[in-house]
>>> print(open('upload13.pdb').read())   # PDB, C-alpha atoms and all ligand atoms
ATOM      1  CA  MET A 748       0.000   0.000   0.000  1.00  0.00           C
ATOM      2  CA  ILE A 749       1.280   3.491  -0.665  1.00  0.00           C
ATOM      3  CA  GLN A 750       2.787   5.160   2.374  1.00  0.00           C
ATOM      4  CA  GLU A 751       0.512   8.214   2.251  1.00  0.00           C
ATOM      5  CA  ILE A 752      -2.588   6.037   2.619  1.00  0.00           C
ATOM      6  CA  LEU A 753      -1.050   4.291   5.620  1.00  0.00           C
ATOM      7  CA  GLU A 754       0.023   7.561   7.240  1.00  0.00           C
ATOM      8  CA  ARG A 755      -3.016   9.745   6.581  1.00  0.00           C
ATOM      9  CA  ARG A 756      -5.153  10.375   9.647  1.00  0.00           C
ATOM     10  CA  SER A 757      -7.487  13.224  10.400  1.00  0.00           C
ATOM     11  CA  ILE A 758      -5.199  15.816  11.987  1.00  0.00           C
ATOM     12  CA  ARG A 759      -6.880  18.525  14.054  1.00  0.00           C
ATOM     13  CA  LYS A 760      -3.902  19.988  15.953  1.00  0.00           C
ATOM     14  CA  TYR A 761      -1.340  22.060  14.105  1.00  0.00           C
ATOM     15  CA  GLN A 762       2.074  23.611  14.661  1.00  0.00           C
ATOM     16  CA  ASP A 763       2.536  27.341  14.458  1.00  0.00           C
ATOM     17  CA  LYS A 764       4.328  27.064  11.126  1.00  0.00           C
ATOM     18  CA  LYS A 765       3.162  28.600   7.883  1.00  0.00           C
ATOM     19  CA  ILE A 766       2.444  26.609   4.740  1.00  0.00           C
ATOM     20  CA  THR A 767       4.105  28.125   1.688  1.00  0.00           C
ATOM     21  CA  ARG A 768       2.126  29.218  -1.335  1.00  0.00           C
ATOM     22  CA  GLU A 769       4.044  26.594  -3.395  1.00  0.00           C
ATOM     23  CA  LYS A 770       2.840  23.819  -1.120  1.00  0.00           C
ATOM     24  CA  LEU A 771      -0.748  25.026  -1.285  1.00  0.00           C
ATOM     25  CA  GLU A 772      -0.509  25.188  -5.076  1.00  0.00           C
ATOM     26  CA  ASP A 773       0.816  21.646  -5.031  1.00  0.00           C
ATOM     27  CA  LEU A 774      -2.249  20.541  -3.037  1.00  0.00           C
ATOM     28  CA  LEU A 775      -4.554  22.292  -5.496  1.00  0.00           C
ATOM     29  CA  LYS A 776      -2.787  20.666  -8.449  1.00  0.00           C
ATOM     30  CA  ALA A 777      -3.291  17.282  -6.791  1.00  0.00           C
ATOM     31  CA  ALA A 778      -6.988  18.113  -6.335  1.00  0.00           C
ATOM     32  CA  MET A 779      -7.422  18.948  -9.999  1.00  0.00           C
ATOM     33  CA  LEU A 780      -5.929  15.613 -11.057  1.00  0.00           C
ATOM     34  CA  ALA A 781      -8.699  13.687  -9.288  1.00  0.00           C
ATOM     35  CA  PRO A 782     -11.255  11.625 -11.180  1.00  0.00           C
ATOM     36  CA  ASN A 783     -14.342  13.727 -11.903  1.00  0.00           C
ATOM     37  CA  SER A 784     -17.610  13.244 -13.726  1.00  0.00           C
ATOM     38  CA  GLY A 785     -17.293  13.688 -17.472  1.00  0.00           C
ATOM     39  CA  ASN A 786     -13.952  15.389 -16.900  1.00  0.00           C
ATOM     40  CA  ARG A 787     -15.923  18.632 -16.622  1.00  0.00           C
ATOM     41  CA  GLN A 788     -13.857  19.766 -13.623  1.00  0.00           C
ATOM     42  CA  CYS A 789     -16.796  21.558 -12.027  1.00  0.00           C
ATOM     43  CA  TRP A 790     -14.887  22.052  -8.801  1.00  0.00           C
ATOM     44  CA  ARG A 791     -13.916  25.454  -7.452  1.00  0.00           C
ATOM     45  CA  PHE A 792     -11.593  26.112  -4.519  1.00  0.00           C
ATOM     46  CA  ILE A 793     -11.208  28.831  -1.931  1.00  0.00           C
ATOM     47  CA  ALA A 794      -7.669  28.647  -0.517  1.00  0.00           C
ATOM     48  CA  ILE A 795      -7.436  30.517   2.782  1.00  0.00           C
ATOM     49  CA  THR A 796      -4.371  31.452   4.830  1.00  0.00           C
ATOM     50  CA  ASN A 797      -5.779  34.614   6.398  1.00  0.00           C
ATOM     51  CA  LYS A 798      -5.883  33.975  10.165  1.00  0.00           C
ATOM     52  CA  GLN A 799      -8.924  36.146  10.798  1.00  0.00           C
ATOM     53  CA  VAL A 800     -10.883  34.403   8.051  1.00  0.00           C
ATOM     54  CA  LEU A 801      -9.880  31.001   9.473  1.00  0.00           C
ATOM     55  CA  LYS A 802     -11.173  32.124  12.885  1.00  0.00           C
ATOM     56  CA  ASP A 803     -14.377  33.503  11.410  1.00  0.00           C
ATOM     57  CA  ILE A 804     -15.284  30.333   9.525  1.00  0.00           C
ATOM     58  CA  SER A 805     -14.323  28.046  12.428  1.00  0.00           C
ATOM     59  CA  VAL A 806     -17.595  28.919  14.171  1.00  0.00           C
ATOM     60  CA  PHE A 807     -19.833  28.202  11.160  1.00  0.00           C
ATOM     61  CA  SER A 808     -20.090  24.608  12.371  1.00  0.00           C
ATOM     62  CA  LYS A 809     -19.710  23.037  15.819  1.00  0.00           C
ATOM     63  CA  GLN A 810     -17.549  20.366  14.194  1.00  0.00           C
ATOM     64  CA  THR A 811     -14.881  22.722  12.850  1.00  0.00           C
ATOM     65  CA  PRO A 812     -13.155  24.393  15.832  1.00  0.00           C
ATOM     66  CA  MET A 813      -9.757  23.206  14.483  1.00  0.00           C
ATOM     67  CA  LEU A 814     -10.015  25.789  11.680  1.00  0.00           C
ATOM     68  CA  ALA A 815      -9.188  28.515  14.182  1.00  0.00           C
ATOM     69  CA  ASN A 816      -5.729  26.995  14.726  1.00  0.00           C
ATOM     70  CA  ALA A 817      -5.136  25.765  11.195  1.00  0.00           C
ATOM     71  CA  GLN A 818      -2.495  27.385   9.000  1.00  0.00           C
ATOM     72  CA  ALA A 819      -4.687  27.083   5.936  1.00  0.00           C
ATOM     73  CA  ALA A 820      -8.015  25.801   4.739  1.00  0.00           C
ATOM     74  CA  ILE A 821      -9.327  24.810   1.354  1.00  0.00           C
ATOM     75  CA  VAL A 822     -13.064  25.055   0.768  1.00  0.00           C
ATOM     76  CA  ILE A 823     -14.142  22.801  -2.084  1.00  0.00           C
ATOM     77  CA  LEU A 824     -17.163  23.988  -3.999  1.00  0.00           C
ATOM     78  CA  GLU A 825     -18.944  22.600  -6.999  1.00  0.00           C
ATOM     79  CA  ASP A 826     -20.510  24.604  -9.778  1.00  0.00           C
ATOM     80  CA  VAL A 827     -23.877  22.858 -10.079  1.00  0.00           C
ATOM     81  CA  SER A 828     -24.593  24.649 -13.343  1.00  0.00           C
ATOM     82  CA  CYS A 829     -21.561  22.922 -14.877  1.00  0.00           C
ATOM     83  CA  SER A 830     -22.111  19.464 -13.407  1.00  0.00           C
ATOM     84  CA  ILE A 831     -23.877  16.685 -15.346  1.00  0.00           C
ATOM     85  CA  GLY A 832     -26.010  16.056 -12.267  1.00  0.00           C
ATOM     86  CA  ALA A 833     -26.133  17.433  -8.758  1.00  0.00           C
ATOM     87  CA  GLU A 834     -25.511  13.973  -7.315  1.00  0.00           C
ATOM     88  CA  TYR A 835     -22.070  14.016  -8.933  1.00  0.00           C
ATOM     89  CA  CYS A 836     -21.013  17.143  -7.083  1.00  0.00           C
ATOM     90  CA  TYR A 837     -20.356  15.417  -3.779  1.00  0.00           C
ATOM     91  CA  GLN A 838     -18.445  12.615  -5.475  1.00  0.00           C
ATOM     92  CA  ASP A 839     -16.220  14.992  -7.447  1.00  0.00           C
ATOM     93  CA  ALA A 840     -15.456  17.105  -4.402  1.00  0.00           C
ATOM     94  CA  GLY A 841     -14.823  14.059  -2.222  1.00  0.00           C
ATOM     95  CA  LEU A 842     -12.277  12.641  -4.629  1.00  0.00           C
ATOM     96  CA  ALA A 843     -10.527  16.005  -4.977  1.00  0.00           C
ATOM     97  CA  ALA A 844     -10.436  16.240  -1.185  1.00  0.00           C
ATOM     98  CA  GLU A 845      -8.823  12.840  -0.779  1.00  0.00           C
ATOM     99  CA  ASN A 846      -6.145  13.777  -3.321  1.00  0.00           C
ATOM    100  CA  ILE A 847      -5.412  16.899  -1.268  1.00  0.00           C
ATOM    101  CA  LEU A 848      -5.252  14.974   2.006  1.00  0.00           C
ATOM    102  CA  LEU A 849      -2.883  12.350   0.587  1.00  0.00           C
ATOM    103  CA  GLU A 850      -0.674  14.925  -1.114  1.00  0.00           C
ATOM    104  CA  ALA A 851      -0.616  16.827   2.194  1.00  0.00           C
ATOM    105  CA  VAL A 852       0.870  13.751   3.895  1.00  0.00           C
ATOM    106  CA  SER A 853       3.596  13.561   1.254  1.00  0.00           C
ATOM    107  CA  LEU A 854       4.468  17.206   2.040  1.00  0.00           C
ATOM    108  CA  GLY A 855       4.656  16.572   5.787  1.00  0.00           C
ATOM    109  CA  LEU A 856       1.293  18.259   6.358  1.00  0.00           C
ATOM    110  CA  GLY A 857      -1.849  17.015   8.009  1.00  0.00           C
ATOM    111  CA  GLY A 858      -5.479  17.848   7.498  1.00  0.00           C
ATOM    112  CA  VAL A 859      -9.042  16.949   8.169  1.00  0.00           C
ATOM    113  CA  TYR A 860     -12.098  16.748   5.945  1.00  0.00           C
ATOM    114  CA  CYS A 861     -15.143  18.596   7.276  1.00  0.00           C
ATOM    115  CA  ALA A 862     -18.420  18.295   5.429  1.00  0.00           C
ATOM    116  CA  LEU A 863     -20.502  21.419   4.873  1.00  0.00           C
ATOM    117  CA  GLY A 864     -23.536  19.729   3.421  1.00  0.00           C
ATOM    118  CA  PRO A 865     -26.210  18.586   3.495  1.00  0.00           C
ATOM    119  CA  SER A 866     -26.756  21.022   6.371  1.00  0.00           C
ATOM    120  CA  LEU A 867     -28.304  24.052   4.724  1.00  0.00           C
ATOM    121  CA  ASN A 868     -27.208  26.229   7.638  1.00  0.00           C
ATOM    122  CA  LYS A 869     -23.508  25.551   7.178  1.00  0.00           C
ATOM    123  CA  MET A 870     -23.683  25.983   3.415  1.00  0.00           C
ATOM    124  CA  THR A 871     -25.594  29.211   3.780  1.00  0.00           C
ATOM    125  CA  ARG A 872     -23.058  30.616   6.231  1.00  0.00           C
ATOM    126  CA  TYR A 873     -20.245  29.939   3.743  1.00  0.00           C
ATOM    127  CA  ARG A 874     -22.313  31.333   0.868  1.00  0.00           C
ATOM    128  CA  ASP A 875     -23.042  34.530   2.764  1.00  0.00           C
ATOM    129  CA  TYR A 876     -19.537  35.003   4.150  1.00  0.00           C
ATOM    130  CA  PHE A 877     -17.772  34.557   0.810  1.00  0.00           C
ATOM    131  CA  ASN A 878     -20.583  36.206  -1.138  1.00  0.00           C
ATOM    132  CA  LEU A 879     -20.993  33.156  -3.358  1.00  0.00           C
ATOM    133  CA  ASP A 880     -23.413  32.810  -6.240  1.00  0.00           C
ATOM    134  CA  ASN A 881     -26.257  30.343  -5.689  1.00  0.00           C
ATOM    135  CA  TYR A 882     -24.966  27.897  -8.283  1.00  0.00           C
ATOM    136  CA  LEU A 883     -21.860  27.314  -6.172  1.00  0.00           C
ATOM    137  CA  LEU A 884     -22.289  24.476  -3.707  1.00  0.00           C
ATOM    138  CA  PRO A 885     -19.839  24.483  -0.773  1.00  0.00           C
ATOM    139  CA  VAL A 886     -19.256  20.756  -0.200  1.00  0.00           C
ATOM    140  CA  CYS A 887     -16.454  20.588   2.339  1.00  0.00           C
ATOM    141  CA  VAL A 888     -13.644  22.458   4.011  1.00  0.00           C
ATOM    142  CA  LEU A 889     -10.224  20.957   4.671  1.00  0.00           C
ATOM    143  CA  ALA A 890      -8.289  22.320   7.638  1.00  0.00           C
ATOM    144  CA  LEU A 891      -4.537  22.054   7.046  1.00  0.00           C
ATOM    145  CA  GLY A 892      -1.272  22.524   8.908  1.00  0.00           C
ATOM    146  CA  TYR A 893       1.902  20.845  10.071  1.00  0.00           C
ATOM    147  CA  PRO A 894       0.724  18.158  12.491  1.00  0.00           C
ATOM    148  CA  ASN A 895       0.969  18.696  16.217  1.00  0.00           C
ATOM    149  CA  GLU A 896      -0.400  15.269  17.005  1.00  0.00           C
ATOM    150  CA  SER A 897       0.436  11.844  15.718  1.00  0.00           C
ATOM    151  CA  ARG A 898      -2.073   9.090  15.330  1.00  0.00           C
ATOM    152  CA  PRO A 899      -1.240   5.466  14.575  1.00  0.00           C
ATOM    153  CA  THR A 900      -2.578   3.601  11.576  1.00  0.00           C
ATOM    154  CA  PRO A 901      -5.668   1.683  12.684  1.00  0.00           C
ATOM    155  CA  ASP A 902      -6.403  -1.794  11.439  1.00  0.00           C
ATOM    156  CA  ARG A 903      -9.794  -1.390   9.871  1.00  0.00           C
ATOM    157  CA  TYR A 904      -9.713  -4.282   7.478  1.00  0.00           C
ATOM    158  CA  ASP A 905     -12.954  -6.133   8.101  1.00  0.00           C
ATOM    159  CA  GLU A 906     -13.741  -9.272   6.149  1.00  0.00           C
ATOM    160  CA  LYS A 907     -17.398  -9.018   7.181  1.00  0.00           C
ATOM    161  CA  LYS A 908     -17.823  -5.887   5.090  1.00  0.00           C
ATOM    162  CA  ILE A 909     -16.807  -7.622   1.889  1.00  0.00           C
ATOM    163  CA  THR A 910     -18.813  -9.761  -0.447  1.00  0.00           C
ATOM    164  CA  TRP A 911     -16.458 -11.653  -2.701  1.00  0.00           C
ATOM    165  CA  VAL A 912     -17.884 -12.626  -6.079  1.00  0.00           C
ATOM    166  CA  GLN A 913     -15.417 -15.047  -7.653  1.00  0.00           C
TER     167      GLN A 913
HETATM  168  C1  LIG B1001     -18.196  13.245   5.073  1.00  0.00           C
HETATM  169  C2  LIG B1001     -17.252  13.504   6.206  1.00  0.00           C
HETATM  170  C3  LIG B1001     -17.517  14.515   7.111  1.00  0.00           C
HETATM  171  C4  LIG B1001     -16.618  14.812   8.141  1.00  0.00           C
HETATM  172  N1  LIG B1001     -16.857  15.876   8.933  1.00  0.00           N
HETATM  173  C5  LIG B1001     -15.987  16.168   9.934  1.00  0.00           C
HETATM  174  C6  LIG B1001     -16.187  17.329  10.742  1.00  0.00           C
HETATM  175  O1  LIG B1001     -17.122  18.104  10.532  1.00  0.00           O
HETATM  176  N2  LIG B1001     -15.284  17.555  11.738  1.00  0.00           N
HETATM  177  C7  LIG B1001     -14.236  16.726  11.987  1.00  0.00           C
HETATM  178  O2  LIG B1001     -13.460  16.998  12.917  1.00  0.00           O
HETATM  179  N3  LIG B1001     -14.007  15.624  11.219  1.00  0.00           N
HETATM  180  C8  LIG B1001     -14.851  15.330  10.199  1.00  0.00           C
HETATM  181  N4  LIG B1001     -14.626  14.247   9.378  1.00  0.00           N
HETATM  182  C9  LIG B1001     -13.443  13.391   9.611  1.00  0.00           C
HETATM  183  C10 LIG B1001     -13.835  12.028  10.221  1.00  0.00           C
HETATM  184  O3  LIG B1001     -14.220  12.217  11.566  1.00  0.00           O
HETATM  185  C11 LIG B1001     -12.650  11.060  10.116  1.00  0.00           C
HETATM  186  O4  LIG B1001     -12.304  10.878   8.759  1.00  0.00           O
HETATM  187  C12 LIG B1001     -12.989   9.715  10.744  1.00  0.00           C
HETATM  188  O5  LIG B1001     -13.140   9.839  12.139  1.00  0.00           O
HETATM  189  C13 LIG B1001     -11.918   8.652  10.462  1.00  0.00           C
HETATM  190  O6  LIG B1001     -10.667   9.075  10.985  1.00  0.00           O
HETATM  191  P1  LIG B1001      -9.374   9.221  10.046  1.00  0.00           P
HETATM  192  O7  LIG B1001      -9.686  10.270   8.996  1.00  0.00           O
HETATM  193  O8  LIG B1001      -8.271   9.638  10.945  1.00  0.00           O
HETATM  194  O9  LIG B1001      -9.135   7.899   9.380  1.00  0.00           O
HETATM  195  C14 LIG B1001     -15.462  13.998   8.312  1.00  0.00           C
HETATM  196  C15 LIG B1001     -15.194  12.988   7.397  1.00  0.00           C
HETATM  197  C16 LIG B1001     -16.053  12.765   6.334  1.00  0.00           C
HETATM  198  C17 LIG B1001     -15.696  11.707   5.315  1.00  0.00           C
END
>>> encode(input="upload13.pdb", output="C-alpha cells", more="lines below")
Ligand SMILES: Cc1cc2nc3c(=O)[nH]c(=O)nc-3n(C[C@H](O)[C@H](O)[C@H](O)COP(=O)(O)O)c2cc1C
Amino acid sequence: MIQEILERRSIRKYQDKKITREKLEDLLKAAMLAPNSGNRQCWRFIAITNKQVLKDISVFSKQTPMLANAQAAIVILEDVSCSIGAEYCYQDAGLAAENILLEAVSLGLGGVYCALGPSLNKMTRYRDYFNLDNYLLPVCVLALGYPNESRPTPDRYDEKKITWVQ
C-alpha cells in the first residue's frame, strides 16, 4: 500500500508554522488531477491562509473548531450549473479532497475533511460570508497545517464488510 494512505489520519492539531504558497498550489494541483464526472472539472476552490478568516469560519459549524488553529483551509465547492447532475457534485469534491489529504501527507502536512452539506445552515453561512453565487455548492472544508499530534494507523480491514464474487 502506498505510504501516504497508511500515514493519513485526520489531523486537528497544528504547529505554528506557515504553509508556503508553493505547497498550497501543489495541493490544489493534486486536487485537480482527481477523477471527476465527465472530466468537466466543475470544482472550485477557496484557498485561505488569512488567520482572521480562518477564525471567522471556524464557528460556522460546531464540528470545525480546528479551523481557528489551522495554517490554511481549502473550501471545495462545486458549480452545479456545470455538473452533469447534482448527485455528482459530492463525489467529485470528495475525490478532490482525498487527493489533497494524501498529497498533504507527502508534504509533511496534516489535514481533516469537514463536510458542509447537506446542512443548509452551514452551506448558507459559507455562501453569505464569501458572497458566493447560488450555483456554487460548498461541499467541504479541509483544515490544514503541520501536524501537532500523531495518530497510529488503525487496522480497519474487516472481512465481514466484503462480499467476494469469484
Ligand atoms: C463526510 C465527512 C464529514 C466529516 N466531517 C468532519 C467534521 O465536521 N469535523 C471533523 O473533525 N471531522 C470530520 N470528518 C473526519 C472524520 O471524523 C474522520 O475521517 C474519521 O473519524 C476517520 O478518521 P481518520 O480520517 O483519521 O481515518 C469527516 C469525514 C467525512 C468523510
>>> resolve_selection(input="upload13.pdb", expression="the PyMOL selection byres (((chain A and resi 750) around 12) and not hetatm)", output="ChimeraX atom specification")
/A:748-749,751-756,849-850,852-853,900
>>> residues_near_ligand(input="upload13.pdb", ligand="ligand LIG 1001 (chain B)", cutoff="9 Å", atoms="only C-alpha atoms and all ligand atoms", output="list in words")
Arg755, Arg756, Ser757, Ile758, Arg759, Ser808, Lys809, Gln810, Thr811, Pro812, Met813, Gly841, Gly858, Val859, Tyr860, Cys861, Ala862, Leu863, Gly864, Cys887, Val888, Arg898, Pro899, Thr900 and Pro901 of chain A
>>> resolve_selection(input="upload13.pdb", expression="the PyMOL selection byres (((chain A and resi 777) around 10) and not hetatm)", output="list in words")
Leu771, Glu772, Asp773, Leu774, Leu775, Lys776, Ala778, Met779, Leu780, Ala781, Ala843, Ala844, Glu845, Asn846, Ile847, Leu848, Leu849, Glu850 and Ala851 of chain A
>>> closest_residue(input="upload13.pdb", among="A:Val822, A:Cys836, A:Leu867, A:Ile909", to="Leu891 (chain A)", atoms="all atoms listed in the file")
A:Val822
>>> residues_around(input="upload13.pdb", residues="Cys789 (chain A)", least_positions_apart="2", cutoff="7 Å", atoms="all atoms listed in the file", output="list in words")
Arg787, Arg791, Glu825, Asp826, Cys829 and Ser830 of chain A
>>> residues_near_point(input="upload13.pdb", point="(-12.7, 33.0, 15.3)", cutoff="12 Å", atoms="all atoms listed in the file", output="list in words")
Asn797, Lys798, Gln799, Val800, Leu801, Lys802, Asp803, Ile804, Ser805, Val806, Phe807, Ser808, Thr811, Pro812, Met813, Leu814, Ala815, Asn816 and Ala817 of chain A
>>> atom_distance(input="upload13.pdb", atom1="CA of Leu884 (chain A)", atom2="CA of Ile823 (chain A)")
8.5 Å
>>> atom_distance(input="upload13.pdb", atom1="CA of Lys770 (chain A)", atom2="CA of Leu824 (chain A)")
20.2 Å
>>> residues_around(input="upload13.pdb", residues="Thr871 (chain A)", least_positions_apart="5", cutoff="9 Å", atoms="all atoms listed in the file", output="PyMOL selection string")
chain A and resi 866+876+885
>>> atom_distance(input="upload13.pdb", atom1="CA of Tyr761 (chain A)", atom2="CA of Gly855 (chain A)")
11.6 Å
>>> closest_residue(input="upload13.pdb", among="A:Lys760, A:Asp902, A:Asp880, A:Glu896", to="Ser828 (chain A)", atoms="all atoms listed in the file")
A:Asp880
>>> closest_residue(input="upload13.pdb", among="A:Thr910, A:Arg872, A:Ser897, A:Thr796", to="Lys765 (chain A)", atoms="only C-alpha atoms")
A:Thr796
>>> closest_residue(input="upload13.pdb", among="A:Gln818, A:Thr767, A:Gln913, A:Ala840", to="Pro894 (chain A)", atoms="all atoms listed in the file")
A:Gln818
>>> build_atoms(input="upload13.pdb", residues="region 814-842 of chain A", atoms="N, CA and C atoms", output="tab-separated table (two decimals), keeping the file's coordinate frame")
chain	number	residue	atom	x	y	z
A	814	LEU	N	-10.35	24.78	12.71
A	814	LEU	CA	-10.02	25.79	11.68
A	814	LEU	C	-9.36	27.02	12.30
A	815	ALA	N	-9.73	27.32	13.53
A	815	ALA	CA	-9.19	28.52	14.18
A	815	ALA	C	-7.68	28.42	14.39
A	816	ASN	N	-7.17	27.19	14.51
A	816	ASN	CA	-5.73	27.00	14.73
A	816	ASN	C	-5.01	26.44	13.51
A	817	ALA	N	-5.75	26.29	12.42
A	817	ALA	CA	-5.14	25.76	11.20
A	817	ALA	C	-4.28	26.85	10.54
A	818	GLN	N	-3.33	26.43	9.75
A	818	GLN	CA	-2.50	27.38	9.00
A	818	GLN	C	-3.13	27.72	7.66
A	819	ALA	N	-4.01	26.85	7.21
A	819	ALA	CA	-4.69	27.08	5.94
A	819	ALA	C	-5.96	26.25	5.90
A	820	ALA	N	-6.83	26.62	4.99
A	820	ALA	CA	-8.02	25.80	4.74
A	820	ALA	C	-8.32	25.89	3.25
A	821	ILE	N	-8.85	24.80	2.75
A	821	ILE	CA	-9.33	24.81	1.35
A	821	ILE	C	-10.80	24.43	1.37
A	822	VAL	N	-11.64	25.35	0.92
A	822	VAL	CA	-13.06	25.06	0.77
A	822	VAL	C	-13.23	24.51	-0.65
A	823	ILE	N	-13.88	23.36	-0.75
A	823	ILE	CA	-14.14	22.80	-2.08
A	823	ILE	C	-15.61	23.03	-2.41
A	824	LEU	N	-15.81	23.67	-3.54
A	824	LEU	CA	-17.16	23.99	-4.00
A	824	LEU	C	-17.38	23.30	-5.33
A	825	GLU	N	-18.63	23.11	-5.66
A	825	GLU	CA	-18.94	22.60	-7.00
A	825	GLU	C	-19.89	23.57	-7.69
A	826	ASP	N	-19.62	23.77	-8.97
A	826	ASP	CA	-20.51	24.60	-9.78
A	826	ASP	C	-21.61	23.70	-10.32
A	827	VAL	N	-22.79	23.78	-9.70
A	827	VAL	CA	-23.88	22.86	-10.08
A	827	VAL	C	-24.39	23.14	-11.49
A	828	SER	N	-24.14	24.33	-11.98
A	828	SER	CA	-24.59	24.65	-13.34
A	828	SER	C	-23.69	23.99	-14.39
A	829	CYS	N	-22.53	23.57	-13.98
A	829	CYS	CA	-21.56	22.92	-14.88
A	829	CYS	C	-21.69	21.41	-14.80
A	830	SER	N	-22.12	20.91	-13.65
A	830	SER	CA	-22.11	19.46	-13.41
A	830	SER	C	-23.19	18.75	-14.21
A	831	ILE	N	-22.91	17.50	-14.60
A	831	ILE	CA	-23.88	16.68	-15.35
A	831	ILE	C	-25.11	16.44	-14.48
A	832	GLY	N	-24.89	16.29	-13.18
A	832	GLY	CA	-26.01	16.06	-12.27
A	832	GLY	C	-25.57	16.41	-10.87
A	833	ALA	N	-26.49	16.96	-10.10
A	833	ALA	CA	-26.13	17.43	-8.76
A	833	ALA	C	-25.52	16.32	-7.92
A	834	GLU	N	-26.01	15.08	-8.15
A	834	GLU	CA	-25.51	13.97	-7.32
A	834	GLU	C	-24.03	13.71	-7.56
A	835	TYR	N	-23.50	14.20	-8.67
A	835	TYR	CA	-22.07	14.02	-8.93
A	835	TYR	C	-21.20	15.00	-8.14
A	836	CYS	N	-21.81	16.08	-7.72
A	836	CYS	CA	-21.01	17.14	-7.08
A	836	CYS	C	-20.27	16.64	-5.86
A	837	TYR	N	-20.98	15.89	-5.01
A	837	TYR	CA	-20.36	15.42	-3.78
A	837	TYR	C	-19.24	14.41	-4.08
A	838	GLN	N	-19.46	13.61	-5.13
A	838	GLN	CA	-18.44	12.62	-5.48
A	838	GLN	C	-17.19	13.30	-6.00
A	839	ASP	N	-17.37	14.26	-6.90
A	839	ASP	CA	-16.22	14.99	-7.45
A	839	ASP	C	-15.42	15.68	-6.33
A	840	ALA	N	-16.13	16.36	-5.47
A	840	ALA	CA	-15.46	17.10	-4.40
A	840	ALA	C	-14.76	16.16	-3.43
A	841	GLY	N	-15.41	15.02	-3.15
A	841	GLY	CA	-14.82	14.06	-2.22
A	841	GLY	C	-13.52	13.49	-2.75
A	842	LEU	N	-13.51	13.20	-4.04
A	842	LEU	CA	-12.28	12.64	-4.63
A	842	LEU	C	-11.17	13.69	-4.68
